[in-house]
$ cat run_22.cif   # mmCIF, C-alpha atoms
data_entry
loop_
_atom_site.label_atom_id
_atom_site.label_comp_id
_atom_site.auth_asym_id
_atom_site.auth_seq_id
_atom_site.Cartn_x
_atom_site.Cartn_y
_atom_site.Cartn_z
CA MET F 299 76.58 -19.88 221.84
CA ILE F 300 74.69 -17.24 219.92
CA ARG F 301 70.93 -16.69 219.63
CA SER F 302 70.48 -18.87 216.54
CA ASP F 303 72.25 -21.78 218.32
CA ILE F 304 69.75 -21.49 221.17
CA LEU F 305 66.82 -21.37 218.74
CA ARG F 306 68.09 -24.53 217.01
CA ASP F 307 68.47 -26.21 220.40
CA ILE F 308 64.97 -25.38 221.63
CA ALA F 309 63.14 -25.83 218.30
CA PRO F 310 61.96 -29.38 219.19
CA VAL F 311 60.70 -28.12 222.57
CA ILE F 312 58.76 -25.13 221.28
CA ARG F 313 57.37 -26.53 218.03
CA ASP F 314 54.21 -27.78 219.75
CA GLN F 315 53.77 -24.64 221.87
CA LEU F 316 52.35 -21.23 221.07
CA VAL F 317 55.30 -18.92 220.41
CA ILE F 318 55.35 -15.14 220.12
CA CYS F 319 58.67 -14.27 218.54
CA ASN F 320 60.47 -10.95 218.77
CA ILE F 321 60.92 -8.61 215.80
CA GLY F 322 63.85 -8.79 213.41
CA LEU F 323 66.49 -11.50 213.42
CA PRO F 324 64.92 -13.70 216.14
CA SER F 325 61.75 -14.10 214.05
CA GLN F 326 63.73 -14.51 210.84
CA GLU F 327 65.96 -17.16 212.40
CA LEU F 328 63.07 -19.10 213.95
CA HIS F 329 61.19 -18.89 210.65
CA MET F 330 64.17 -20.36 208.82
CA ILE F 331 65.00 -23.01 211.45
CA ASP F 332 61.49 -24.37 212.08
CA ASP F 333 58.53 -22.48 210.68
CA GLN F 334 55.30 -23.51 212.42
CA PRO F 335 51.73 -22.19 212.26
CA SER F 336 51.98 -21.91 216.05
CA ASN F 337 54.71 -19.27 215.68
CA PHE F 338 53.57 -15.65 215.66
CA TYR F 339 56.30 -13.64 213.98
CA MET F 340 56.51 -9.97 214.86
CA LEU F 341 57.30 -8.06 211.71
CA GLY F 342 57.31 -4.70 213.48
CA THR F 343 56.68 -3.10 216.87
CA MET F 344 59.86 -3.58 218.89
CA GLY F 345 59.34 -4.43 222.52
CA LEU F 346 55.87 -5.94 222.55
CA ALA F 347 56.57 -9.70 222.32
CA SER F 348 56.16 -10.07 226.09
CA SER F 349 52.95 -8.00 226.14
CA ILE F 350 51.37 -9.95 223.27
CA GLY F 351 52.40 -13.20 224.94
CA LEU F 352 50.93 -12.21 228.29
CA GLY F 353 47.66 -11.09 226.68
CA LEU F 354 47.45 -14.41 224.84
CA ALA F 355 48.25 -16.42 227.97
CA LEU F 356 45.58 -14.59 229.95
CA ALA F 357 43.01 -15.11 227.18
CA GLN F 358 43.28 -18.90 226.82
CA GLU F 359 44.75 -21.95 228.57
CA LYS F 360 47.53 -23.27 226.31
CA THR F 361 51.16 -22.63 227.18
CA VAL F 362 52.59 -19.48 225.61
CA ILE F 363 56.30 -18.79 225.16
CA SER F 364 57.41 -15.27 224.28
CA ILE F 365 60.89 -15.24 222.82
CA ASP F 366 62.23 -11.80 223.60
CA GLY F 367 65.60 -10.05 223.60
CA ASP F 368 67.39 -7.93 226.16
CA GLY F 369 67.14 -4.83 223.95
CA SER F 370 63.42 -5.32 223.43
CA VAL F 371 62.73 -5.81 227.14
CA LEU F 372 64.69 -2.62 227.84
CA THR F 373 62.46 -0.85 225.31
CA ASN F 374 59.29 -2.00 227.11
CA PHE F 375 60.39 -2.19 230.74
CA GLY F 376 56.84 -1.51 231.90
CA THR F 377 55.99 -5.05 230.81
CA LEU F 378 57.73 -6.69 233.79
CA PRO F 379 55.48 -5.25 236.54
CA THR F 380 52.44 -6.03 234.40
CA ILE F 381 53.59 -9.64 234.03
CA ALA F 382 54.37 -9.92 237.75
CA ASN F 383 50.99 -8.56 238.82
CA ASN F 384 48.84 -10.49 236.33
CA VAL F 385 50.06 -14.02 236.91
CA ALA F 386 49.41 -16.42 234.03
CA ASP F 387 50.90 -19.81 234.90
CA ASN F 388 50.76 -20.80 231.23
CA PHE F 389 53.19 -18.00 230.33
CA ILE F 390 56.94 -18.24 229.88
CA LEU F 391 59.02 -15.21 228.97
CA LEU F 392 62.32 -16.34 227.45
CA ILE F 393 64.70 -13.39 227.21
CA ILE F 394 67.67 -14.22 225.03
CA ASP F 395 70.16 -11.82 226.55
CA ASN F 396 73.15 -11.40 224.29
CA GLY F 397 73.92 -7.93 225.62
CA SER F 398 73.33 -6.32 222.27
CA TYR F 399 70.81 -4.97 219.80
CA GLY F 400 71.39 -7.82 217.37
CA SER F 401 69.07 -6.84 214.54
CA THR F 402 70.51 -3.35 214.23
CA GLY F 403 74.22 -4.18 214.17
CA ASP F 404 75.10 -5.53 217.61
CA GLN F 405 75.27 -2.22 219.43
CA PRO F 406 75.74 -2.97 223.15
CA THR F 407 72.73 -2.78 225.49
CA TYR F 408 72.81 -1.83 229.15
CA ALA F 409 71.86 -5.44 229.94
CA GLY F 410 75.33 -6.40 228.74
CA ARG F 411 76.87 -3.88 231.12
CA LYS F 412 75.61 -3.13 234.65
CA THR F 413 71.90 -3.95 234.37
CA SER F 414 70.71 -7.42 235.36
CA LEU F 415 67.37 -8.25 233.74
CA ALA F 416 66.91 -11.17 236.14
CA ALA F 417 67.32 -8.81 239.10
CA VAL F 418 64.93 -6.30 237.51
CA ALA F 419 62.31 -8.99 236.87
CA THR F 420 62.62 -10.16 240.47
CA ALA F 421 62.36 -6.60 241.78
CA CYS F 422 59.23 -6.12 239.66
CA GLY F 423 57.63 -9.01 241.51
CA CYS F 424 58.09 -11.91 239.08
CA GLU F 425 58.18 -14.95 241.36
CA THR F 426 60.03 -17.50 239.23
CA VAL F 427 63.05 -16.00 237.50
CA VAL F 428 65.83 -18.24 236.20
CA GLU F 429 69.08 -17.00 234.72
CA CYS F 430 70.98 -19.59 232.75
CA ALA F 431 73.67 -20.04 230.13
CA GLY F 432 72.78 -20.66 226.49
CA GLU F 433 73.65 -24.35 226.82
CA GLU F 434 71.11 -24.72 229.63
CA VAL F 435 68.14 -23.06 227.92
CA LYS F 436 66.59 -26.21 226.51
CA ALA F 437 66.49 -28.01 229.88
CA THR F 438 65.39 -24.85 231.68
CA LEU F 439 62.57 -24.31 229.22
CA GLU F 440 61.41 -27.92 229.47
CA ALA F 441 61.36 -27.62 233.24
CA ALA F 442 59.42 -24.34 233.05
CA ILE F 443 56.80 -25.88 230.76
CA ALA F 444 56.46 -28.90 233.05
CA SER F 445 56.19 -26.72 236.17
CA ALA F 446 53.08 -24.91 234.90
CA LYS F 447 54.29 -21.85 236.76
CA MET F 448 54.78 -18.47 235.16
CA THR F 449 58.53 -18.26 234.53
CA VAL F 450 60.93 -15.62 233.30
CA ILE F 451 64.09 -17.12 231.82
CA VAL F 452 67.08 -14.89 231.16
CA ALA F 453 69.37 -16.80 228.82
CA LYS F 454 72.85 -15.29 228.70
CA CYS F 455 74.69 -15.83 225.44
CA GLU F 456 77.16 -14.35 223.01
CA SER F 457 76.32 -11.59 220.60
CA GLY F 458 76.26 -12.54 216.92
CA ASN F 459 74.03 -13.22 213.95
CA ILE F 460 73.73 -15.61 211.06
CA LYS F 461 72.61 -14.69 207.55
CA VAL F 462 68.87 -15.16 207.21
CA PRO F 463 66.25 -14.11 204.69
CA VAL F 464 63.56 -11.63 205.73
CA ILE F 465 60.05 -12.97 206.26
CA THR F 466 57.87 -12.23 203.26
CA LYS F 467 54.70 -13.90 204.57
CA ASP F 468 51.67 -11.68 204.72
CA PRO F 469 50.98 -10.50 208.30
CA VAL F 470 47.29 -11.32 208.07
CA SER F 471 48.06 -14.89 207.01
CA ILE F 472 50.61 -15.22 209.85
CA ARG F 473 47.90 -14.09 212.25
CA ASP F 474 45.21 -16.24 210.70
CA ARG F 475 47.14 -19.51 210.80
CA PHE F 476 48.35 -18.70 214.30
CA MET F 477 44.78 -18.17 215.53
CA GLU F 478 43.84 -21.49 213.97
CA ALA F 479 46.71 -23.12 215.90
CA VAL F 480 45.41 -21.47 219.09
CA ARG F 481 41.95 -22.92 218.48
CA GLY F 482 43.20 -26.34 217.30
CA MET U 61 22.15 4.37 235.51
CA SER U 62 25.52 6.16 235.55
CA ILE U 63 27.24 6.94 232.26
CA HIS U 64 30.10 4.69 233.38
CA ALA U 65 27.82 1.69 233.92
CA ARG U 66 26.10 2.41 230.62
CA ILE U 67 29.41 2.35 228.73
CA VAL U 68 30.64 -0.83 230.39
CA ASP U 69 27.26 -2.50 229.79
CA ASP U 70 27.77 -1.83 226.07
CA LEU U 71 31.26 -3.34 226.20
CA ILE U 72 29.93 -6.48 227.84
CA ALA U 73 26.93 -6.69 225.49
CA ASN U 74 29.45 -6.75 222.64
CA ASP U 75 31.34 -9.63 224.23
CA ILE U 76 34.36 -7.53 225.18
CA SER U 77 36.01 -9.49 227.97
CA PHE U 78 39.58 -8.12 228.07
CA VAL U 79 40.17 -4.47 228.82
CA THR U 80 43.47 -2.72 229.39
CA THR U 81 43.63 0.79 230.79
CA VAL U 82 46.04 3.65 231.34
CA PRO U 83 44.29 6.13 233.61
CA CYS U 84 43.02 9.65 233.01
CA LYS U 85 41.07 11.69 235.55
CA GLN U 86 38.15 11.84 233.13
CA LEU U 87 38.12 8.04 232.80
CA ALA U 88 38.33 7.23 236.51
CA GLY U 89 34.65 6.29 236.77
CA VAL U 90 34.63 4.01 233.76
CA ILE U 91 37.88 2.32 234.81
CA GLU U 92 36.41 1.70 238.27
CA GLU U 93 33.35 0.15 236.60
CA VAL U 94 35.52 -2.08 234.36
CA GLU U 95 37.42 -3.29 237.42
CA ALA U 96 34.16 -4.10 239.21
CA ARG U 97 32.67 -6.31 236.48
CA PRO U 98 33.38 -10.06 236.68
CA GLU U 99 32.72 -10.45 232.92
CA ILE U 100 35.84 -8.42 232.12
CA ALA U 101 39.49 -9.26 232.74
CA HIS U 102 40.99 -5.85 233.55
CA VAL U 103 44.74 -5.56 233.00
CA PRO U 104 46.11 -2.08 233.77
CA ALA U 105 49.08 -1.21 231.54
CA ASN U 106 52.02 1.06 232.30
CA LYS U 107 52.06 2.55 228.82
CA GLU U 108 49.51 2.53 226.04
CA ASP U 109 51.65 0.70 223.47
CA GLU U 110 52.16 -2.06 226.02
CA GLY U 111 48.37 -2.09 226.46
CA MET U 112 47.89 -2.49 222.72
CA GLY U 113 50.29 -5.44 222.78
CA LEU U 114 48.21 -7.03 225.54
CA CYS U 115 45.06 -6.44 223.49
CA ALA U 116 46.68 -7.99 220.40
CA GLY U 117 47.51 -11.08 222.46
CA ALA U 118 43.98 -11.30 223.83
CA HIS U 119 42.64 -11.07 220.29
CA LEU U 120 44.96 -13.90 219.16
CA GLY U 121 43.58 -15.89 222.09
CA GLY U 122 40.03 -15.46 220.84
CA LYS U 123 38.85 -12.70 223.17
CA ARG U 124 37.47 -9.33 222.20
CA PRO U 125 39.69 -6.61 223.67
CA ALA U 126 39.38 -2.87 224.27
CA ILE U 127 41.75 -0.17 225.49
CA ILE U 128 40.84 2.84 227.61
CA MET U 129 43.34 5.71 227.56
CA GLN U 130 43.92 9.45 227.18
CA ASN U 131 44.35 11.18 223.81
CA THR U 132 48.00 11.95 224.62
CA ALA U 133 48.48 8.22 224.02
CA ILE U 134 47.99 8.72 220.28
CA GLY U 135 51.44 10.30 220.33
CA VAL U 136 52.83 7.25 222.12
CA THR U 137 51.20 4.51 220.06
CA ILE U 138 51.42 5.46 216.39
CA ASN U 139 54.03 2.82 215.58
CA THR U 140 52.09 0.11 217.42
CA LEU U 141 48.79 1.06 215.79
CA VAL U 142 50.38 0.92 212.34
CA THR U 143 52.78 -2.04 212.57
CA LEU U 144 50.74 -4.29 214.88
CA THR U 145 47.04 -3.49 215.04
CA GLN U 146 46.61 -2.34 211.44
CA PHE U 147 49.32 -4.43 209.75
CA TYR U 148 47.95 -7.69 211.18
CA ARG U 149 44.37 -6.40 210.78
CA MET U 150 43.16 -6.63 214.36
CA PRO U 151 40.07 -5.00 215.87
CA LEU U 152 40.63 -2.57 218.74
CA PRO U 153 38.03 -0.24 220.20
CA MET U 154 39.83 2.68 221.86
CA LEU U 155 37.80 4.62 224.42
CA ILE U 156 39.77 7.84 224.69
CA SER U 157 39.44 10.84 226.97
CA TYR U 158 39.73 13.87 224.69
CA ARG U 159 41.67 16.19 226.95
CA GLY U 160 42.41 19.77 225.92
CA GLU U 161 38.92 20.50 224.57
CA LEU U 162 36.32 23.01 225.89
CA ARG U 163 36.34 23.32 229.70
CA GLU U 164 39.93 22.05 229.95
CA PRO U 165 41.80 23.70 232.83
CA VAL U 166 45.32 22.53 231.92
CA ALA U 167 46.89 24.49 229.05
CA CYS U 168 49.34 21.80 228.04
CA GLN U 169 46.48 19.41 227.24
CA ALA U 170 45.33 21.71 224.44
CA GLU U 171 48.68 21.16 222.70
CA MET U 172 47.94 17.48 222.08
CA ALA U 173 44.22 18.08 221.54
CA VAL U 174 44.90 20.13 218.40
CA HIS U 175 46.81 17.20 216.88
CA THR U 176 44.52 14.38 217.99
CA LYS U 177 42.01 14.27 215.14
CA ALA U 178 44.63 15.12 212.53
CA LEU U 179 46.78 12.18 213.63
CA LEU U 180 43.84 9.77 213.72
CA ASN U 181 42.81 11.00 210.29
CA GLN U 182 46.34 10.54 208.96
CA LEU U 183 46.33 6.97 210.33
CA HIS U 184 42.98 6.25 208.62
CA ILE U 185 41.46 5.35 211.97
CA PRO U 186 37.66 5.69 212.06
CA THR U 187 36.99 8.33 214.72
CA TYR U 188 33.84 9.22 216.66
CA HIS U 189 33.59 12.21 218.97
CA PHE U 190 31.26 12.10 221.98
CA HIS U 191 30.43 15.69 222.96
CA LYS U 192 26.84 15.60 224.21
CA GLY U 193 25.57 13.04 226.70
CA ASP U 194 23.27 11.45 224.10
CA ASP U 195 26.23 10.65 221.85
CA VAL U 196 26.76 7.54 223.96
CA GLU U 197 23.74 6.06 222.15
CA GLU U 198 26.10 5.29 219.25
CA LEU U 199 28.60 3.30 221.30
CA ASP U 200 26.93 -0.06 220.67
CA ALA U 201 26.94 0.49 216.89
CA ILE U 202 30.56 1.70 216.98
CA LEU U 203 31.66 -1.44 218.81
CA LYS U 204 29.82 -3.66 216.32
CA TYR U 205 31.44 -1.72 213.47
CA THR U 206 34.92 -2.17 215.01
CA PHE U 207 34.67 -5.97 215.13
CA MET U 208 32.96 -6.10 211.74
CA CYS U 209 35.83 -4.35 209.96
CA SER U 210 38.75 -5.47 212.23
CA LYS U 211 40.27 -2.03 212.62
CA PRO U 212 41.35 0.16 215.49
CA VAL U 213 38.54 2.64 216.07
CA ALA U 214 38.77 5.79 218.21
CA ILE U 215 35.97 7.07 220.44
CA LEU U 216 36.96 10.52 221.68
CA THR U 217 35.10 11.61 224.80
CA ASP U 218 35.49 15.25 225.77
CA ALA U 219 34.92 17.16 229.02
CA THR U 220 31.45 18.35 227.96
CA PHE U 221 30.41 14.72 227.42
CA TRP U 222 31.60 13.79 230.90
CA GLY U 223 29.68 16.75 232.38
CA GLY U 224 32.57 19.09 233.01
CA TYR U 225 36.01 18.68 234.34
#
$ encode --input "run_22.cif" --output "structure tokens"
Amino acid sequence: MIRSDILRDIAPVIRDQLVICNIGLPSQELHMIDDQPSNFYMLGTMGLASSIGLGLALAQEKTVISIDGDGSVLTNFGTLPTIANNVADNFILLIIDNGSYGSTGDQPTYAGRKTSLAAVATACGCETVVECAGEEVKATLEAAIASAKMTVIVAKCESGNIKVPVITKDPVSIRDRFMEAVRG
Amino acid sequence: MSIHARIVDDLIANDISFVTTVPCKQLAGVIEEVEARPEIAHVPANKEDEGMGLCAGAHLGGKRPAIIMQNTAIGVTINTLVTLTQFYRMPLPMLISYRGELREPVACQAEMAVHTKALLNQLHIPTYHFHKGDDVEELDAILKYTFMCSKPVAILTDATFWGGY
């Protein structure tokens, strides 16, 4: 399973949730698979999907799912202690860990070698950390939403990309329709 | 009233209810005051770009955010300011300790101080410099301006403003 397979699998689960989606291919794939006003696509700023998601979860009551990548979490490692110490039970961090920087040509990340992001998240103090295979993400995510407990999911999958168009939507309109979905 | 309480009163009067901070010695008093106020959710960040991500999320959630940080952070956050805060047109008041100005004891701080205003200028970020104690009188208007125009706005506060180092 590669990232786009997981996104296709979970699309029916996340379409009614607030989603902050990581820069590059993850956003482009989700945009192509199931564009929703409740998706906030990051067009820049690698690493901040988890921070934006946590800020949003702390600011309002609806469930927030940040779809992140192993490379992006490695870029913003400081996010994990912040998440652990500012518990928002409406927040789920889904790290799609394919062991590579997918958007830049599948260069290997350290998460695909010795570093376990699940172990790091646990060491940072995150209380509910689940590592699962790509095939199990949908069920794991459904359970996390139902649990109403802040959850970090590390979804291990294969490296690989599909051909997708870039997102040409205006960032201000992406933000505006997303904020309307938050209020709605 | 202390200058710290005065500043945080202005934040609260402008409905700012989510504040993220990365500490600086000069900002210790104001950070302590932010932490003490029940009207404000205080989320300390490990790095300033992370803090700006948190603020962006709070804004999407309908809250008015602010970040408190040192001027060295301008070097850390340029990409975030440009590709997140500015690109998506989000408001962000930035209360910044302006280290490396008059009365600074640490030479290295002057190295970033000489670039601070030039970088903010290059980024087209409205910038206000608090040097004398009375300059704080403008804070309320600066905060209103920030949310009116939905831009990141810098408030540089130097050692003279804080009454020495």
$ resolve_selection --input "run_22.cif" --expression "the PyMOL selection byres ((chain F and resi 303-309) around 7)" --output "PyMOL selection string"
chain F and resi 299-302+310-313+328+331-332+432+436
$ atom_distance --input "run_22.cif" --atom1 "CA of Gly367 in chain F" --atom2 "CA of Ile393 in chain F"
5.0 Å
$ residues_around --input "run_22.cif" --residues "Thr187 in chain U" --least-positions-apart "5" --cutoff "8 Å" --atoms "all atoms listed in the file" --output "PyMOL selection string"
chain U and resi 177+180-181+213-216
$ resolve_selection --input "run_22.cif" --expression "the PyMOL selection byres ((chain U) within 10 of (chain F))" --output "CSV table (one decimal) with C-alpha atoms, in the coordinates of the input"
chain,number,residue,atom,x,y,z
U,77,SER,CA,36.0,-9.5,228.0
U,78,PHE,CA,39.6,-8.1,228.1
U,80,THR,CA,43.5,-2.7,229.4
U,101,ALA,CA,39.5,-9.3,232.7
U,102,HIS,CA,41.0,-5.8,233.6
U,103,VAL,CA,44.7,-5.6,233.0
U,104,PRO,CA,46.1,-2.1,233.8
U,105,ALA,CA,49.1,-1.2,231.5
U,106,ASN,CA,52.0,1.1,232.3
U,107,LYS,CA,52.1,2.6,228.8
U,109,ASP,CA,51.6,0.7,223.5
U,110,GLU,CA,52.2,-2.1,226.0
U,111,GLY,CA,48.4,-2.1,226.5
U,112,MET,CA,47.9,-2.5,222.7
U,113,GLY,CA,50.3,-5.4,222.8
U,114,LEU,CA,48.2,-7.0,225.5
U,115,CYS,CA,45.1,-6.4,223.5
U,116,ALA,CA,46.7,-8.0,220.4
U,117,GLY,CA,47.5,-11.1,222.5
U,118,ALA,CA,44.0,-11.3,223.8
U,119,HIS,CA,42.6,-11.1,220.3
U,120,LEU,CA,45.0,-13.9,219.2
U,121,GLY,CA,43.6,-15.9,222.1
U,122,GLY,CA,40.0,-15.5,220.8
U,123,LYS,CA,38.8,-12.7,223.2
U,124,ARG,CA,37.5,-9.3,222.2
U,125,PRO,CA,39.7,-6.6,223.7
U,137,THR,CA,51.2,4.5,220.1
U,139,ASN,CA,54.0,2.8,215.6
U,140,THR,CA,52.1,0.1,217.4
U,141,LEU,CA,48.8,1.1,215.8
U,142,VAL,CA,50.4,0.9,212.3
U,143,THR,CA,52.8,-2.0,212.6
U,144,LEU,CA,50.7,-4.3,214.9
U,145,THR,CA,47.0,-3.5,215.0
U,146,GLN,CA,46.6,-2.3,211.4
U,147,PHE,CA,49.3,-4.4,209.8
U,148,TYR,CA,48.0,-7.7,211.2
U,149,ARG,CA,44.4,-6.4,210.8
U,150,MET,CA,43.2,-6.6,214.4
$ residues_around --input "run_22.cif" --residues "Ile363 in chain F" --least-positions-apart "6" --cutoff "6 Å" --atoms "only C-alpha atoms" --output "list in words"
Val317, Ile390 and Leu391 of chain F
$ write_last_selection --input "run_22.cif" --atoms "C-alpha atoms" --output "mmCIF file, keeping the file's coordinate frame"
data_model
loop_
_atom_site.group_PDB
_atom_site.id
_atom_site.type_symbol
_atom_site.label_atom_id
_atom_site.label_comp_id
_atom_site.auth_asym_id
_atom_site.auth_seq_id
_atom_site.Cartn_x
_atom_site.Cartn_y
_atom_site.Cartn_z
ATOM 1 C CA VAL F 317 55.300 -18.920 220.410
ATOM 2 C CA ILE F 390 56.940 -18.240 229.880
ATOM 3 C CA LEU F 391 59.020 -15.210 228.970
#
$ residues_around --input "run_22.cif" --residues "Ile451 in chain F" --least-positions-apart "4" --cutoff "10 Å" --atoms "all atoms listed in the file" --output "PyMOL selection string"
chain F and resi 365-366+390-395+415-416+419+426-430+435+438-439+442
$ resolve_selection --input "run_22.cif" --expression "the PyMOL selection byres ((chain U and resi 153-165) around 6)" --output "compact mmCIF listing (two decimals) with C-alpha atoms, in the frame of the given file"
# COMPACT_ATOMS: atom_id res chain seq x y z
CA ALA U 126 39.38 -2.87 224.27
CA ILE U 127 41.75 -0.17 225.49
CA ILE U 128 40.84 2.84 227.61
CA MET U 129 43.34 5.71 227.56
CA GLN U 130 43.92 9.45 227.18
CA ASN U 131 44.35 11.18 223.81
CA LEU U 152 40.63 -2.57 218.74
CA VAL U 166 45.32 22.53 231.92
CA GLN U 169 46.48 19.41 227.24
CA ALA U 170 45.33 21.71 224.44
CA ALA U 173 44.22 18.08 221.54
CA PRO U 212 41.35 0.16 215.49
CA VAL U 213 38.54 2.64 216.07
CA ALA U 214 38.77 5.79 218.21
CA ILE U 215 35.97 7.07 220.44
CA LEU U 216 36.96 10.52 221.68
CA THR U 217 35.10 11.61 224.80
CA ASP U 218 35.49 15.25 225.77
$ residues_around --input "run_22.cif" --residues "Thr220 in chain U" --least-positions-apart "2" --cutoff "7 Å" --atoms "all atoms listed in the file" --output "PyMOL selection string"
chain U and resi 191-192+218+222-224
$ atom_distance --input "run_22.cif" --atom1 "CA of Cys455 in chain F" --atom2 "CA of Pro406 in chain F"
13.1 Å
$ atom_distance --input "run_22.cif" --atom1 "CA of Gly458 in chain F" --atom2 "CA of Leu316 in chain F"
25.8 Å
$ residues_around --input "run_22.cif" --residues "Ile91 in chain U" --least-positions-apart "2" --cutoff "9 Å" --atoms "only C-alpha atoms" --output "PDB file with C-alpha atoms, in the frame of the given file"
ATOM      1  CA  HIS U  64      30.100   4.690 233.380  1.00  0.00           C
ATOM      2  CA  THR U  81      43.630   0.790 230.790  1.00  0.00           C
ATOM      3  CA  VAL U  82      46.040   3.650 231.340  1.00  0.00           C
ATOM      4  CA  PRO U  83      44.290   6.130 233.610  1.00  0.00           C
ATOM      5  CA  LEU U  87      38.120   8.040 232.800  1.00  0.00           C
ATOM      6  CA  ALA U  88      38.330   7.230 236.510  1.00  0.00           C
ATOM      7  CA  GLY U  89      34.650   6.290 236.770  1.00  0.00           C
ATOM      8  CA  GLU U  93      33.350   0.150 236.600  1.00  0.00           C
ATOM      9  CA  VAL U  94      35.520  -2.080 234.360  1.00  0.00           C
ATOM     10  CA  GLU U  95      37.420  -3.290 237.420  1.00  0.00           C
ATOM     11  CA  ALA U  96      34.160  -4.100 239.210  1.00  0.00           C
ATOM     12  CA  HIS U 102      40.990  -5.850 233.550  1.00  0.00           C
ATOM     13  CA  ILE U 128      40.840   2.840 227.610  1.00  0.00           C
TER      14      ILE U 128
END
$ closest_residue --input "run_22.cif" --among "U:Ile100, U:Ile134, U:Leu183, U:Ile72" --to "Lys204 in chain U" --atoms "all atoms listed in the file"
U:Ile72
$ closest_residue --input "run_22.cif" --among "F:Asn337, F:Gln326, F:Thr449, F:Ser364" --to "Lys461 in chain F" --atoms "all atoms listed in the file"
F:Gln326
$ axis_aligned_box --input "run_22.cif" --around "range 368-378 of chain F" --padding-each-side "3 Å" --output "AutoDock Vina command-line options"
--center_x 61.7 --center_y -4.4 --center_z 228.6 --size_x 17.4 --size_y 13.1 --size_z 16.4
$ closest_residue --input "run_22.cif" --among "F:Thr420, F:Ser370, F:Ser414, F:Thr361" --to "Val450 in chain F" --atoms "only C-alpha atoms"
F:Thr420
$ decode --input "run_22.cif" --residues "range 409-424 of chain F" --atoms "N, CA and C atoms" --output "compact mmCIF listing (two decimals), in the first residue's frame"
# COMPACT_ATOMS: atom_id res chain seq x y z
N ALA F 409 13.17 7.91 9.46
CA ALA F 409 12.06 7.11 10.01
C ALA F 409 11.98 5.75 9.31
N GLY F 410 12.50 5.67 8.12
CA GLY F 410 12.52 4.41 7.39
C GLY F 410 13.74 3.58 7.75
N ARG F 411 14.59 4.12 8.60
CA ARG F 411 15.81 3.39 9.00
C ARG F 411 15.72 3.05 10.49
N LYS F 412 16.48 3.73 11.34
CA LYS F 412 16.49 3.31 12.75
C LYS F 412 15.45 4.00 13.62
N THR F 413 14.94 5.15 13.16
CA THR F 413 14.12 5.97 14.06
C THR F 413 12.64 5.58 14.03
N SER F 414 12.10 5.28 15.19
CA SER F 414 10.68 4.93 15.30
C SER F 414 9.90 6.15 15.75
N LEU F 415 9.04 6.66 14.87
CA LEU F 415 8.24 7.84 15.24
C LEU F 415 7.25 7.52 16.36
N ALA F 416 6.76 6.28 16.39
CA ALA F 416 5.84 5.89 17.47
C ALA F 416 6.57 5.94 18.81
N ALA F 417 7.80 5.45 18.82
CA ALA F 417 8.58 5.46 20.07
C ALA F 417 8.91 6.90 20.47
N VAL F 418 9.22 7.74 19.49
CA VAL F 418 9.52 9.15 19.79
C VAL F 418 8.28 9.84 20.37
N ALA F 419 7.13 9.61 19.73
CA ALA F 419 5.89 10.25 20.21
C ALA F 419 5.60 9.80 21.65
N THR F 420 5.79 8.53 21.92
CA THR F 420 5.57 8.01 23.27
C THR F 420 6.55 8.65 24.25
N ALA F 421 7.81 8.72 23.85
CA ALA F 421 8.83 9.32 24.72
C ALA F 421 8.53 10.80 24.98
N CYS F 422 7.90 11.45 24.02
CA CYS F 422 7.55 12.87 24.19
C CYS F 422 6.37 13.06 25.14
N GLY F 423 5.69 11.97 25.45
CA GLY F 423 4.59 12.07 26.41
C GLY F 423 3.21 11.89 25.80
N CYS F 424 3.14 11.61 24.50
CA CYS F 424 1.83 11.35 23.89
C CYS F 424 1.28 10.05 24.48
